[in-house]
Amino acid sequence: MLGTIYKSTGSWYLVKSKKGDFFECRIKGKFRIKGIKSTNPIAVGDTVDFELEENKETGVINTIHERKNYIIRKSVNLSKQTHIIASNIDLVFLLITINNPPTLTSFIDRFLVTSEAYHIKTVLVFNKIDAYQIEQRAEILYLKDIYQKIGYQCVEVSATQNKNVNLIKELMLGKTSMFVGHSGVGKSTLVNAIEPSLNLKTKEISEQHKQGQHTTTFAEMFDLSFDARIIDTPGIKGFGVVDMEKEEVGDYFPEFFALKNKCKFNNCIHINEPKCAVKDALEDEEIAWSRYKSYMQIIEGEEEHYRTDVWE
């Protein structure tokens with residue numbers, strides 16, 4: 001039977017068949033897909049073949065079909081393991097908050113590099129805009145200016161005041177969308193505003209550290225009432241970029257890629273080379289310094305630096 005993975009708990013998978021029935025399934029043997037070393041061989045969104053067991057209520061997954069795309073991240077702890085968050089995604093909504101909790105530009109840029117590499121369109125959602133004072137509003141306008149110039153759609157949202165929730169729903173029509181961001185950025189609250197019947201759990205921000213408390217522990221996909229599917233994901237503290245050569249990282253920064261053919265050297269990596277169009281654009285303030293800083297961190301293999309007191 002053919003089905004789609006709707007939930008993964010590590011050992012059991014919730015699979016929806018083509019007829020619309022759900023079955024709890026497990027894996028038979030070990031899966032290795034084209035050399036991908038991951039903590040989870042099967043991800044939410046995967047298309048699989050499975051067979052029902054004798055009880056006709058549970059099944060065994062025996063084949064994973066080729067993925068259209070996927071979002072993969074490297075753990076930021078010492079294990080350095082990789083984890084596939086979800087696959088076969090049409091659209092990602094990256095939720096950003098300024099100070100409750102803070103979303104640093106390094107996190108935004110690392111995620112965007114990965115989504116560019118795997119050809120997944122990403123919309124930046126500036127959430128909780130009803131909660132911001134003038135200074136935070138200025139931060140949002142500054143960031144919107146940076147990312148809109150590059151070509152990313154930016155949407156300001158307030159789930160509690162229903163601002164632009166319908167716009168998000170319009171973007172989701174006919175698609176499988178993934179919502180991602182730090183714990184506490186309001187993913188579950190926004191999903192509940194989009195589809196109240198889901199009634200996802202939400203928690204308050206920890207005032208002591210201005211960090212969210214995890215309410216989603218596993219990625220899970222839901223069918224919505226308006227021809228859309230949504231993948232709700234656990235809050236991500238950091239986002240490690242996986243398996244990129246230094247020479248290709250710049251290709252996933254659209255504003256760098258647009259200038260690439262103007263550099264003197266074909267293999268320019270925009271660091272110390274003479275007559276580098278990217279460095280020239282940086283000096284002329286046509287490229288944001290925050291973007292170049294993120295680029296250098298990735299090139300040099302630095303991990304994200306977590307600072308909850310400063311917006312970078």
# chains A, B, ... in the order shown; residues from 1 in each chain; ligands from 1

$ residues_around --residues "Lys121 of chain A" --least-positions-apart "3" --cutoff "10 Å" --atoms "only C-alpha atoms" --output "PyMOL selection string"
chain A and resi 89-93+112+115-116+118+152-153+177

$ select_by_dssp --residues "segment 76-242 of chain A" --states "strand (DSSP E)" --output "PyMOL selection string"
chain A and resi 82-87+91-96+121-126+154-156+176-180+220-223+229-232

$ closest_residue --among "A:Lys293, A:His119, A:Lys279, A:Arg26" --to "Asn69 of chain A" --atoms "only C-alpha atoms"
A:His119

$ closest_residue --among "A:Ser183, A:Thr97, A:Asn55, A:Ser294" --to "Val125 of chain A" --atoms "only C-alpha atoms"
A:Thr97

$ closest_residue --among "A:Ile230, A:Val157, A:Glu220, A:Gly3" --to "Leu173 of chain A" --atoms "only C-alpha atoms"
A:Ile230

$ residues_around --residues "Phe257 of chain A" --least-positions-apart "4" --cutoff "12 Å" --atoms "only C-alpha atoms" --output "short mmCIF file (atom, residue, chain, number, x, y, z; two decimals) with C-alpha atoms, in the first residue's frame"
data_model
loop_
_atom_site.label_atom_id
_atom_site.label_comp_id
_atom_site.auth_asym_id
_atom_site.auth_seq_id
_atom_site.Cartn_x
_atom_site.Cartn_y
_atom_site.Cartn_z
CA VAL A 113 20.74 28.86 3.04
CA GLU A 116 17.76 27.62 -0.97
CA ILE A 150 16.91 39.91 -1.67
CA GLU A 247 32.73 27.22 -2.83
CA GLU A 248 28.97 26.64 -2.99
CA VAL A 249 27.76 28.49 0.13
CA GLY A 250 27.65 31.84 -1.68
CA ASP A 251 25.34 30.37 -4.32
CA TYR A 252 22.65 30.06 -1.64
CA PHE A 253 22.84 33.74 -0.75
CA ASN A 261 29.88 36.61 -12.54
CA LYS A 262 31.22 40.13 -11.84
CA CYS A 263 33.98 38.84 -9.58
CA ASN A 266 35.31 32.27 -11.20
CA ASN A 267 36.02 30.46 -7.94
CA CYS A 268 35.88 33.59 -5.76
CA ILE A 269 34.61 32.87 -2.25
CA HIS A 270 34.37 36.59 -1.40
CA ALA A 277 32.00 42.20 -6.59
CA VAL A 278 30.45 40.96 -3.36
CA ILE A 287 24.68 43.99 0.83
#

$ residues_around --residues "Leu190 of chain A" --least-positions-apart "6" --cutoff "9 Å" --atoms "only C-alpha atoms" --output "PyMOL selection string"
chain A and resi 127+157-160+165

$ residues_around --residues "Val44 of chain A" --least-positions-apart "6" --cutoff "6 Å" --atoms "only C-alpha atoms" --output "list in words"
Ile5, Tyr6, Lys7 and Ala86 of chain A

$ write_last_selection --atoms "N, CA and C atoms" --output "PDB file, in the first residue's frame"
ATOM      1  N   ILE A   5       3.732   9.759   5.430  1.00  0.00           N
ATOM      2  CA  ILE A   5       4.035   9.854   6.858  1.00  0.00           C
ATOM      3  C   ILE A   5       3.456  11.154   7.418  1.00  0.00           C
ATOM      4  N   TYR A   6       2.599  11.034   8.429  1.00  0.00           N
ATOM      5  CA  TYR A   6       1.996  12.206   9.068  1.00  0.00           C
ATOM      6  C   TYR A   6       2.619  12.508  10.424  1.00  0.00           C
ATOM      7  N   LYS A   7       3.202  11.499  11.065  1.00  0.00           N
ATOM      8  CA  LYS A   7       3.829  11.727  12.367  1.00  0.00           C
ATOM      9  C   LYS A   7       4.897  10.669  12.596  1.00  0.00           C
ATOM     10  N   ALA A  86      11.570  17.473   7.894  1.00  0.00           N
ATOM     11  CA  ALA A  86      10.393  17.074   7.107  1.00  0.00           C
ATOM     12  C   ALA A  86      10.794  17.010   5.639  1.00  0.00           C
TER      13      ALA A  86
END

$ closest_residue --among "A:Glu283, A:Glu66, A:Glu24, A:Glu300" --to "Leu52 of chain A" --atoms "only C-alpha atoms"
A:Glu24

$ closest_residue --among "A:Leu141, A:Ile108, A:Val48, A:Leu282" --to "Thr122 of chain A" --atoms "only C-alpha atoms"
A:Ile108

$ atom_distance --atom1 "atom CA of Ala117 of chain A" --atom2 "atom CA of Tyr70 of chain A"
9.9 Å

$ atom_distance --atom1 "atom CA of Ile231 of chain A" --atom2 "atom CA of His182 of chain A"
15.0 Å

$ closest_residue --among "A:Pro234, A:Phe222, A:Phe256, A:Asn99" --to "Glu135 of chain A" --atoms "only C-alpha atoms"
A:Asn99
